[in-house]
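J.: entry_38.txt is reproduced below (compact mmCIF, C-alpha atoms and all ligand atoms).
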```txt
# COMPACT_ATOMS: atom_id res chain seq x y z
CA MET A 13 38.73 -65.56 -71.44
CA SER A 14 39.04 -66.41 -67.76
CA ILE A 15 38.57 -63.51 -65.36
CA VAL A 16 39.09 -63.83 -61.63
CA ASN A 17 36.62 -62.00 -59.42
CA ARG A 18 37.96 -61.01 -56.00
CA GLN A 19 35.14 -60.99 -53.47
CA LEU A 20 34.93 -60.17 -49.78
CA ILE A 21 32.85 -62.86 -48.11
CA LEU A 22 31.17 -62.52 -44.72
CA GLN A 23 32.88 -65.21 -42.67
CA LEU A 24 31.99 -64.23 -39.09
CA ARG A 25 29.49 -61.83 -37.53
CA PRO A 26 31.67 -59.10 -35.96
CA LYS A 27 31.77 -58.22 -32.31
CA GLY A 28 32.61 -54.54 -31.88
CA LEU A 29 34.81 -53.25 -34.69
CA LEU A 30 35.55 -55.64 -37.59
CA ALA A 31 38.36 -58.05 -36.76
CA PRO A 32 40.71 -59.70 -39.28
CA GLY A 33 38.87 -62.67 -40.78
CA ASP A 34 35.31 -61.34 -40.32
CA LEU A 35 35.43 -60.56 -44.04
CA GLN A 36 37.61 -62.89 -46.12
CA LEU A 37 38.96 -62.38 -49.61
CA ARG A 38 37.98 -65.13 -52.06
CA GLU A 39 38.92 -65.46 -55.72
CA ALA A 40 36.14 -66.88 -57.88
CA PRO A 41 36.35 -67.48 -61.63
CA LEU A 42 33.72 -65.62 -63.67
CA LEU A 43 31.53 -67.92 -65.73
CA GLU A 44 30.68 -67.29 -69.38
CA LEU A 45 27.87 -64.69 -69.67
CA GLN A 46 24.44 -66.17 -70.44
CA GLU A 47 21.87 -64.57 -72.74
CA GLY A 48 20.11 -61.85 -70.65
CA GLN A 49 23.16 -61.12 -68.46
CA ALA A 50 25.66 -58.24 -68.37
CA LEU A 51 29.03 -57.99 -66.64
CA ALA A 52 29.97 -54.80 -64.79
CA ARG A 53 33.37 -53.91 -63.36
CA VAL A 54 33.06 -52.26 -59.95
CA LYS A 55 35.13 -49.07 -59.79
CA TYR A 56 34.10 -47.51 -56.47
CA LEU A 57 32.42 -48.82 -53.33
CA SER A 58 30.33 -46.77 -50.95
CA ILE A 59 31.31 -47.49 -47.35
CA ASP A 60 28.28 -47.03 -45.13
CA PRO A 61 27.65 -47.50 -41.38
CA THR A 62 24.63 -49.67 -42.19
CA MET A 63 27.04 -52.33 -43.54
CA ARG A 64 28.04 -53.09 -39.95
CA VAL A 65 24.35 -53.64 -39.14
CA TRP A 66 23.88 -55.85 -42.23
CA MET A 67 26.79 -57.98 -41.00
CA ALA A 68 25.18 -58.53 -37.61
CA MET A 69 21.40 -58.76 -37.78
CA ASP A 70 18.17 -58.47 -39.73
CA SER A 71 17.02 -54.84 -39.97
CA TYR A 72 15.24 -53.08 -42.85
CA LEU A 73 17.07 -55.63 -45.05
CA PRO A 74 17.92 -59.18 -43.97
CA ALA A 75 21.38 -59.75 -42.52
CA VAL A 76 24.00 -60.86 -45.04
CA ALA A 77 24.25 -64.66 -44.78
CA ILE A 78 27.54 -66.22 -43.67
CA GLY A 79 29.49 -67.22 -46.79
CA GLU A 80 27.83 -64.58 -49.01
CA VAL A 81 29.53 -61.65 -50.75
CA MET A 82 29.27 -58.67 -48.40
CA ARG A 83 26.46 -56.33 -49.47
CA ALA A 84 27.53 -52.80 -50.47
CA PHE A 85 26.52 -50.00 -52.77
CA GLY A 86 28.92 -49.33 -55.60
CA PHE A 87 29.57 -47.61 -58.91
CA ALA A 88 30.33 -49.91 -61.85
CA GLU A 89 30.77 -49.85 -65.62
CA ILE A 90 29.38 -52.46 -68.02
CA VAL A 91 32.30 -54.27 -69.71
CA GLU A 92 30.34 -56.93 -71.61
CA SER A 93 26.64 -57.37 -72.27
CA ARG A 94 24.13 -59.93 -73.49
CA HIS A 95 21.37 -58.03 -71.66
CA PRO A 96 18.84 -56.04 -73.71
CA ASP A 97 18.90 -53.01 -71.33
CA TYR A 98 22.67 -52.55 -70.91
CA LYS A 99 25.48 -51.89 -73.35
CA LYS A 100 29.24 -51.75 -72.92
CA GLY A 101 30.27 -48.47 -71.30
CA ASP A 102 26.97 -47.92 -69.44
CA ARG A 103 27.55 -46.71 -65.89
CA ILE A 104 25.44 -47.95 -63.01
CA THR A 105 25.05 -47.60 -59.26
CA GLY A 106 23.41 -50.05 -56.91
CA LEU A 107 24.08 -53.05 -54.72
CA THR A 108 27.26 -54.31 -56.37
CA GLY A 109 28.67 -55.99 -53.26
CA LEU A 110 32.31 -55.88 -52.14
CA GLN A 111 33.84 -57.43 -55.26
CA ASP A 112 35.60 -56.62 -58.55
CA TYR A 113 32.75 -57.64 -60.87
CA VAL A 114 29.00 -58.01 -60.62
CA VAL A 115 26.75 -59.94 -63.00
CA LEU A 116 23.44 -58.25 -63.86
CA ASP A 117 20.49 -60.42 -64.83
CA ALA A 118 16.76 -60.07 -65.54
CA SER A 119 16.10 -58.49 -62.12
CA ALA A 120 18.88 -55.86 -62.50
CA GLY A 121 16.40 -53.00 -62.98
CA LYS A 122 15.34 -53.40 -59.32
CA SER A 123 18.87 -53.18 -57.88
CA PHE A 124 20.72 -50.90 -60.29
CA GLN A 125 20.23 -47.46 -61.75
CA LYS A 126 22.00 -46.08 -64.82
CA VAL A 127 23.87 -42.83 -64.23
CA PRO A 128 24.91 -40.31 -66.88
CA LYS A 129 28.44 -39.20 -67.76
CA ILE A 130 28.48 -35.49 -66.99
CA PRO A 131 31.51 -33.41 -68.05
CA PHE A 132 33.67 -32.25 -65.11
CA VAL A 133 31.62 -34.36 -62.66
CA SER A 134 33.42 -37.18 -60.82
CA ASP A 135 32.09 -40.74 -60.84
CA THR A 136 32.23 -40.81 -57.05
CA ILE A 137 29.60 -38.08 -56.69
CA PHE A 138 26.99 -40.76 -57.51
CA LEU A 139 27.88 -42.51 -54.24
CA GLY A 140 27.99 -39.39 -52.05
CA LEU A 141 26.25 -36.10 -52.78
CA LEU A 142 24.11 -37.55 -55.61
CA GLY A 143 23.98 -41.00 -53.96
CA ILE A 144 22.68 -42.42 -50.71
CA ASN A 145 24.02 -39.67 -48.46
CA GLY A 146 22.88 -36.58 -50.36
CA LEU A 147 19.49 -38.21 -50.92
CA THR A 148 19.22 -39.13 -47.24
CA ALA A 149 20.03 -35.56 -46.26
CA TYR A 150 17.52 -34.20 -48.77
CA PHE A 151 14.56 -36.39 -47.73
CA GLY A 152 15.43 -36.16 -44.03
CA MET A 153 15.32 -32.39 -44.34
CA GLU A 154 11.99 -32.65 -46.16
CA ILE A 155 10.62 -34.49 -43.10
CA ALA A 156 12.19 -31.85 -40.83
CA ALA A 157 10.34 -29.10 -42.75
CA PRO A 158 12.55 -26.35 -41.30
CA LYS A 159 11.29 -22.79 -41.01
CA LYS A 160 13.50 -19.75 -41.46
CA GLY A 161 15.17 -18.79 -38.18
CA GLU A 162 14.78 -22.20 -36.51
CA THR A 163 17.80 -23.85 -34.88
CA LEU A 164 18.90 -27.25 -36.19
CA VAL A 165 21.56 -29.45 -34.59
CA VAL A 166 23.08 -32.30 -36.60
CA SER A 167 25.33 -35.02 -35.17
CA ALA A 168 28.10 -36.81 -37.16
CA ALA A 169 28.06 -33.38 -38.81
CA ALA A 170 31.31 -33.71 -40.77
CA GLY A 171 30.30 -37.04 -42.27
CA ALA A 172 28.77 -37.74 -45.66
CA THR A 173 25.16 -37.22 -44.58
CA GLY A 174 25.58 -34.69 -41.77
CA SER A 175 27.67 -32.26 -43.82
CA ILE A 176 24.94 -32.07 -46.49
CA VAL A 177 22.13 -31.84 -43.91
CA GLY A 178 23.72 -28.76 -42.34
CA GLN A 179 24.18 -27.05 -45.69
CA ILE A 180 20.57 -27.72 -46.75
CA ALA A 181 19.47 -26.27 -43.41
CA LYS A 182 21.53 -23.13 -44.18
CA VAL A 183 19.83 -22.88 -47.60
CA ARG A 184 16.52 -23.03 -45.68
CA GLY A 185 17.57 -20.15 -43.42
CA CYS A 186 18.20 -22.06 -40.17
CA ARG A 187 20.77 -21.50 -37.47
CA VAL A 188 22.91 -24.64 -37.84
CA VAL A 189 25.09 -26.25 -35.20
CA GLY A 190 27.12 -29.38 -35.95
CA ILE A 191 28.57 -31.94 -33.55
CA ALA A 192 31.76 -33.69 -34.69
CA GLY A 193 34.78 -35.52 -33.28
CA THR A 194 37.81 -33.33 -34.13
CA ASP A 195 38.70 -29.63 -34.17
CA GLU A 196 39.75 -29.96 -37.82
CA LYS A 197 36.26 -31.24 -38.72
CA CYS A 198 34.65 -28.45 -36.70
CA ASN A 199 36.76 -25.81 -38.48
CA TRP A 200 35.76 -27.25 -41.86
CA LEU A 201 32.08 -27.03 -40.88
CA THR A 202 32.19 -23.40 -39.79
CA LYS A 203 34.88 -21.97 -42.13
CA ASP A 204 34.05 -23.79 -45.38
CA LEU A 205 30.48 -25.04 -45.08
CA GLY A 206 28.95 -22.03 -43.32
CA PHE A 207 27.68 -23.76 -40.16
CA ASP A 208 27.01 -21.17 -37.43
CA ALA A 209 28.84 -23.25 -34.83
CA ALA A 210 30.44 -26.67 -34.49
CA ILE A 211 31.11 -28.50 -31.25
CA ASN A 212 33.81 -31.15 -30.73
CA TYR A 213 32.11 -33.75 -28.52
CA LYS A 214 35.51 -35.10 -27.43
CA HIS A 215 36.24 -31.94 -25.42
CA ALA A 216 35.30 -32.21 -21.72
CA ASP A 217 33.15 -29.04 -21.81
CA TRP A 218 31.27 -29.86 -25.02
CA LYS A 219 27.83 -29.94 -23.38
CA GLU A 220 28.25 -26.38 -22.04
CA LYS A 221 29.55 -25.25 -25.44
CA LEU A 222 26.58 -26.83 -27.19
CA ALA A 223 24.16 -25.09 -24.81
CA ALA A 224 25.89 -21.76 -25.47
CA ALA A 225 25.68 -22.31 -29.24
CA VAL A 226 21.87 -22.64 -29.15
CA PRO A 227 20.69 -19.53 -27.25
CA ASN A 228 17.12 -19.97 -28.56
CA GLY A 229 17.04 -23.72 -27.87
CA ILE A 230 16.90 -26.45 -30.53
CA ASP A 231 13.90 -26.85 -32.84
CA ILE A 232 15.21 -29.74 -34.95
CA ASP A 233 17.57 -32.55 -34.02
CA PHE A 234 18.87 -34.35 -37.12
CA GLU A 235 20.08 -37.43 -35.30
CA ASN A 236 22.83 -39.59 -36.75
CA VAL A 237 24.50 -40.87 -33.57
CA GLY A 238 22.16 -41.67 -30.64
CA GLY A 239 23.25 -42.42 -27.06
CA GLU A 240 24.77 -39.66 -24.93
CA ILE A 241 24.98 -37.19 -27.82
CA MET A 242 21.29 -37.58 -28.61
CA ASN A 243 20.25 -37.30 -24.96
CA THR A 244 22.28 -34.11 -24.54
CA VAL A 245 20.64 -32.60 -27.62
CA LEU A 246 17.15 -33.65 -26.47
CA GLU A 247 17.69 -31.84 -23.14
CA LEU A 248 18.24 -28.58 -25.07
CA MET A 249 15.22 -28.92 -27.33
CA ASN A 250 12.29 -26.55 -27.35
CA LEU A 251 8.78 -27.75 -26.59
CA HIS A 252 7.26 -29.56 -29.58
CA GLY A 253 10.67 -29.87 -31.29
CA ARG A 254 11.20 -32.41 -34.09
CA VAL A 255 13.72 -35.24 -34.03
CA ILE A 256 14.64 -36.66 -37.44
CA LEU A 257 15.96 -40.10 -36.60
CA CYS A 258 18.35 -40.89 -39.43
CA GLY A 259 20.89 -43.13 -37.68
CA LEU A 260 22.24 -44.33 -34.34
CA ILE A 261 25.87 -45.02 -35.23
CA SER A 262 27.10 -44.99 -31.62
CA GLY A 263 25.16 -48.23 -31.10
CA TYR A 264 26.07 -50.18 -34.23
CA THR A 265 29.19 -51.81 -32.77
CA LYS A 266 27.64 -52.46 -29.34
CA GLU A 267 25.76 -55.53 -28.15
CA ASP A 268 23.55 -53.44 -25.89
CA PRO A 269 23.30 -49.85 -27.20
CA SER A 270 21.89 -47.24 -24.83
CA LEU A 271 18.51 -45.90 -25.87
CA ALA A 272 17.33 -42.31 -26.01
CA SER A 273 15.89 -40.78 -22.89
CA PHE A 274 12.16 -41.04 -23.50
CA GLY A 275 11.43 -39.04 -20.35
CA THR A 276 12.74 -35.96 -22.17
CA VAL A 277 10.68 -36.82 -25.26
CA LEU A 278 7.59 -36.89 -23.08
CA VAL A 279 8.26 -33.76 -21.04
CA LYS A 280 9.26 -31.69 -24.08
CA ARG A 281 6.38 -33.12 -26.22
CA LEU A 282 8.87 -33.99 -28.99
CA ARG A 283 7.93 -35.61 -32.28
CA ILE A 284 10.37 -38.28 -33.47
CA GLU A 285 10.27 -39.62 -37.01
CA GLY A 286 12.56 -42.32 -38.33
CA PHE A 287 13.04 -42.89 -42.05
CA ILE A 288 14.91 -45.20 -44.42
CA ILE A 289 16.10 -43.72 -47.68
CA LEU A 290 15.15 -46.77 -49.77
CA ASP A 291 11.48 -45.80 -49.31
CA TYR A 292 12.10 -42.68 -51.44
CA ALA A 293 13.53 -44.45 -54.51
CA SER A 294 10.80 -43.17 -56.83
CA ARG A 295 11.88 -39.56 -56.10
CA PHE A 296 15.68 -39.95 -56.35
CA ILE A 297 15.94 -38.10 -59.68
CA GLU A 298 14.03 -35.10 -58.32
CA ALA A 299 16.30 -34.92 -55.26
CA ALA A 300 19.54 -35.45 -57.22
CA THR A 301 18.56 -32.66 -59.62
CA GLN A 302 18.07 -30.21 -56.74
CA LEU A 303 21.31 -31.31 -55.01
CA GLY A 304 23.21 -30.94 -58.30
CA GLN A 305 21.86 -27.43 -58.76
CA TRP A 306 22.84 -26.43 -55.24
CA LYS A 307 26.36 -27.75 -55.90
CA MET A 308 26.59 -25.94 -59.25
CA PHE A 309 25.59 -22.64 -57.63
CA GLY A 310 28.04 -23.08 -54.75
CA LYS A 311 25.37 -23.52 -52.08
CA ILE A 312 26.59 -27.02 -51.17
CA MET A 313 30.14 -28.38 -51.03
CA ASP A 314 31.01 -32.05 -50.73
CA ARG A 315 34.16 -33.81 -49.66
CA GLU A 316 35.38 -37.38 -49.97
CA THR A 317 37.81 -39.64 -48.16
CA ILE A 318 39.08 -42.26 -50.65
CA VAL A 319 40.76 -45.50 -49.59
CA GLU A 320 42.59 -47.48 -52.30
CA GLY A 321 42.04 -51.19 -52.87
CA LEU A 322 39.23 -53.73 -52.38
CA GLY A 323 41.29 -55.49 -49.68
CA LYS A 324 41.17 -52.32 -47.59
CA ALA A 325 37.35 -52.32 -47.39
CA PRO A 326 37.22 -53.95 -43.91
CA ASP A 327 39.58 -51.28 -42.52
CA ALA A 328 37.50 -48.63 -44.27
CA ILE A 329 34.30 -49.85 -42.58
CA ASN A 330 36.04 -49.46 -39.21
CA MET A 331 37.08 -45.90 -40.14
CA LEU A 332 33.41 -44.87 -39.91
CA PHE A 333 33.36 -45.89 -36.25
CA THR A 334 36.68 -44.32 -35.31
CA GLY A 335 35.83 -41.09 -37.12
CA ALA A 336 38.75 -41.36 -39.57
CA ASN A 337 36.66 -40.10 -42.50
CA THR A 338 35.57 -36.58 -43.37
CA GLY A 339 32.70 -36.44 -45.85
CA LYS A 340 31.91 -39.47 -48.00
CA LEU A 341 34.03 -42.58 -47.43
CA ILE A 342 34.73 -44.50 -50.63
CA VAL A 343 36.91 -47.46 -51.59
CA LYS A 344 38.51 -47.25 -55.03
CA VAL A 345 38.57 -50.87 -56.16
N1 LIG B 401 18.10 -43.53 -42.52
C1 LIG B 401 18.77 -43.77 -43.64
O1 LIG B 401 18.22 -44.19 -44.65
C2 LIG B 401 20.26 -43.54 -43.64
C3 LIG B 401 20.99 -43.50 -44.85
C4 LIG B 401 22.37 -43.22 -44.78
C5 LIG B 401 22.98 -43.03 -43.55
N2 LIG B 401 22.23 -43.11 -42.42
C6 LIG B 401 22.82 -42.90 -41.09
O2 LIG B 401 23.43 -41.63 -41.07
C7 LIG B 401 24.51 -41.64 -40.15
C8 LIG B 401 25.76 -41.11 -40.86
O3 LIG B 401 26.08 -42.02 -41.92
P1 LIG B 401 27.15 -41.61 -43.03
O4 LIG B 401 27.11 -42.68 -44.06
O5 LIG B 401 26.93 -40.21 -43.43
O6 LIG B 401 28.51 -41.77 -42.25
P2 LIG B 401 29.56 -40.61 -41.89
O7 LIG B 401 28.82 -39.60 -41.10
O8 LIG B 401 30.26 -40.20 -43.12
O9 LIG B 401 30.60 -41.38 -40.98
C9 LIG B 401 30.27 -41.75 -39.69
C10 LIG B 401 30.75 -40.68 -38.69
O10 LIG B 401 30.06 -40.88 -37.47
C11 LIG B 401 30.85 -40.38 -36.41
N3 LIG B 401 30.78 -41.35 -35.31
C12 LIG B 401 31.09 -42.67 -35.36
N4 LIG B 401 30.91 -43.25 -34.16
C13 LIG B 401 30.50 -42.26 -33.32
C14 LIG B 401 30.15 -42.22 -31.94
N5 LIG B 401 30.20 -43.32 -31.16
N6 LIG B 401 29.79 -41.02 -31.41
C15 LIG B 401 29.74 -39.91 -32.18
N7 LIG B 401 30.05 -39.89 -33.49
C16 LIG B 401 30.42 -41.06 -34.06
C17 LIG B 401 32.28 -40.27 -36.93
O11 LIG B 401 32.66 -38.89 -36.98
P3 LIG B 401 33.24 -38.09 -35.68
O12 LIG B 401 34.68 -37.84 -35.95
O13 LIG B 401 32.42 -36.86 -35.69
O14 LIG B 401 33.01 -38.97 -34.49
C18 LIG B 401 32.22 -40.80 -38.35
O15 LIG B 401 33.03 -40.10 -39.25
C19 LIG B 401 24.64 -43.08 -39.66
O16 LIG B 401 23.98 -43.22 -38.44
C20 LIG B 401 23.93 -43.87 -40.74
O17 LIG B 401 23.44 -45.10 -40.27
C21 LIG B 401 20.89 -43.36 -42.44
```
Rewrite the structure from the file as structure tokens, please.

T.:
Amino acid sequence: MSIVNRQLILQLRPKGLLAPGDLQLREAPLLELQEGQALARVKYLSIDPTMRVWMAMDSYLPAVAIGEVMRAFGFAEIVESRHPDYKKGDRITGLTGLQDYVVLDASAGKSFQKVPKIPFVSDTIFLGLLGINGLTAYFGMEIAAPKKGETLVVSAAAGATGSIVGQIAKVRGCRVVGIAGTDEKCNWLTKDLGFDAAINYKHADWKEKLAAAVPNGIDIDFENVGGEIMNTVLELMNLHGRVILCGLISGYTKEDPSLASFGTVLVKRLRIEGFIILDYASRFIEAATQLGQWKMFGKIMDRETIVEGLGKAPDAINMLFTGANTGKLIVKV
């Protein structure tokens, strides 16, 4: 049997948004499986802002090398196995890469996690609410340790992570204000997800509107964006407020991203804590169980934007930076 594996290879380190040719499609024949290997067919790919960072530089993981398959999280199903821990039909999530098939070997346990088949639950939930984004929201909110009645502001609020953060903050009894890039997203946040207010940062008067939406000041900034948005939020924070530094997406496509205003951090005596979700791997099951319960009881809603076709993955990565997604962005391979 000869199977062709389509792979997206990192050809050039992007400048700004991805340009045609930064990722190139290659067709590679799959070799016969060796004893101790399993073959998984990738069904869905998680499209994450951090992929743009992985394309450009070393960060919490090394940069993807030129000529390598682009790193990505995905959901896959085992189609053939000579591996003692996997059998045909097993479903896994992990670093599949942007490709049709991934070969699992002896080290697979470190990179992949088996996921159950749950009736009436979509496969894609394991990339969004019960995947990286829900888990990031959950552990970020654990760091935030919100108290009832506190005000939390979250940026990129209608995205995969931000939309869950705001809903967890509502469960915890906070006043929640989201910042997002369209009126449609803002309406979704307030009408469907129960945010107390949502501010479209593309309107000229958004800073005044944000100030009006936080009459008691801001106790917690769940920061996904950085730059001007972060500085505006910091100005409105209460003394001794907490900043949960989850992401700085406004800087990922820039050579020289603007930093936060540390003068405000000093004067307001703020506490800033950054975190990377991979550090919490040993507690993923605990978090996913809680998130699943919240979903089952209608306390949390999730939404997905699905793009069809592996070849569309480069365009999908750019969608994160133009704001074309609402909720979790996924490529159906
Ligand atoms: N620390 C961790 O372990 C961890 C894990 C996962 C994600 N993250 C971070 O969390 C953040 C959100 O990630 P996500 O996967 O949930 O993506 P997402 O929020 O689903 O998508 C990104 C959103 O960011 C907004 N955005 C993009 N560029 C912007 C800019 N210049 N100014 C303002 N808003 C901008 C866009 O929405 P608008 O229409 O609102 O502009 C876009 O839809 C990112 O910073 C990411 O790096 C961190």

J.: Taking all listed atoms of ligand LIG 401 (chain B), build the axis-aligned box, pad each of the six sides by 3 Å, then write its centre and edge lengths in Å to one decimal as JSON.

T.:
```
{"center_x": 26.4, "center_y": -41.0, "center_z": -38.0, "size_x": 22.6, "size_y": 14.2, "size_z": 19.7}
```

J.: Taking (28.9, -42.4, -34.3) in the file's coordinates as the center, which residues reach within 7 Å of it, counting only C-alpha atoms, put as a PDB file with C-alpha atoms, in the coordinates of the input?

T.:
```pdb
ATOM      1  CA  ALA A 168      28.100 -36.810 -37.160  1.00  0.00           C
ATOM      2  CA  VAL A 237      24.500 -40.870 -33.570  1.00  0.00           C
ATOM      3  CA  LEU A 260      22.240 -44.330 -34.340  1.00  0.00           C
ATOM      4  CA  ILE A 261      25.870 -45.020 -35.230  1.00  0.00           C
ATOM      5  CA  SER A 262      27.100 -44.990 -31.620  1.00  0.00           C
ATOM      6  CA  PHE A 333      33.360 -45.890 -36.250  1.00  0.00           C
TER       7      PHE A 333
END
```

J.: Tell me which protein, DNA and RNA residues are within 8 Å of Glu162 of chain A, counting only C-alpha atoms, leaving out same-chain ones fewer than 2 positions away, and put them as a VMD selection string.

T.: chain A and resid 158 to 160 164 185 to 187 230 to 232

J.: I'd like the contact shell of segment 117-133 of chain A - 12 Å cut-off, all atoms listed in the file, skipping same-chain residues fewer than 6 positions apart - returned as JSON, numbers by chain.

T.: {"A": [45, 46, 47, 48, 49, 50, 51, 52, 83, 84, 85, 86, 87, 88, 89, 90, 93, 94, 95, 96, 97, 98, 99, 101, 102, 103, 104, 105, 106, 107, 108, 109, 139, 141, 142, 143, 290, 293, 294, 296, 297, 300, 304, 307, 308]}

J.: Pick out the residues sitting within 6 Å of segment 338-343 of chain A, and hand them over as a VMD selection string; count all atoms listed in the file, and ignore anything fewer than 5 positions along from it in its own chain.

T.: chain A and resid 56 to 59 140 170 to 172 315 to 320

J.: Which residue is closest to ligand LIG 401 (chain B)? Choose from A:Ala224, A:Leu24, A:Leu257, A:Ile284 and count all atoms listed in the file.

T.: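 When distances to ligand LIG 401 (chain B) are compared using all atoms listed in the file, the smallest one comes from A:Leu257.
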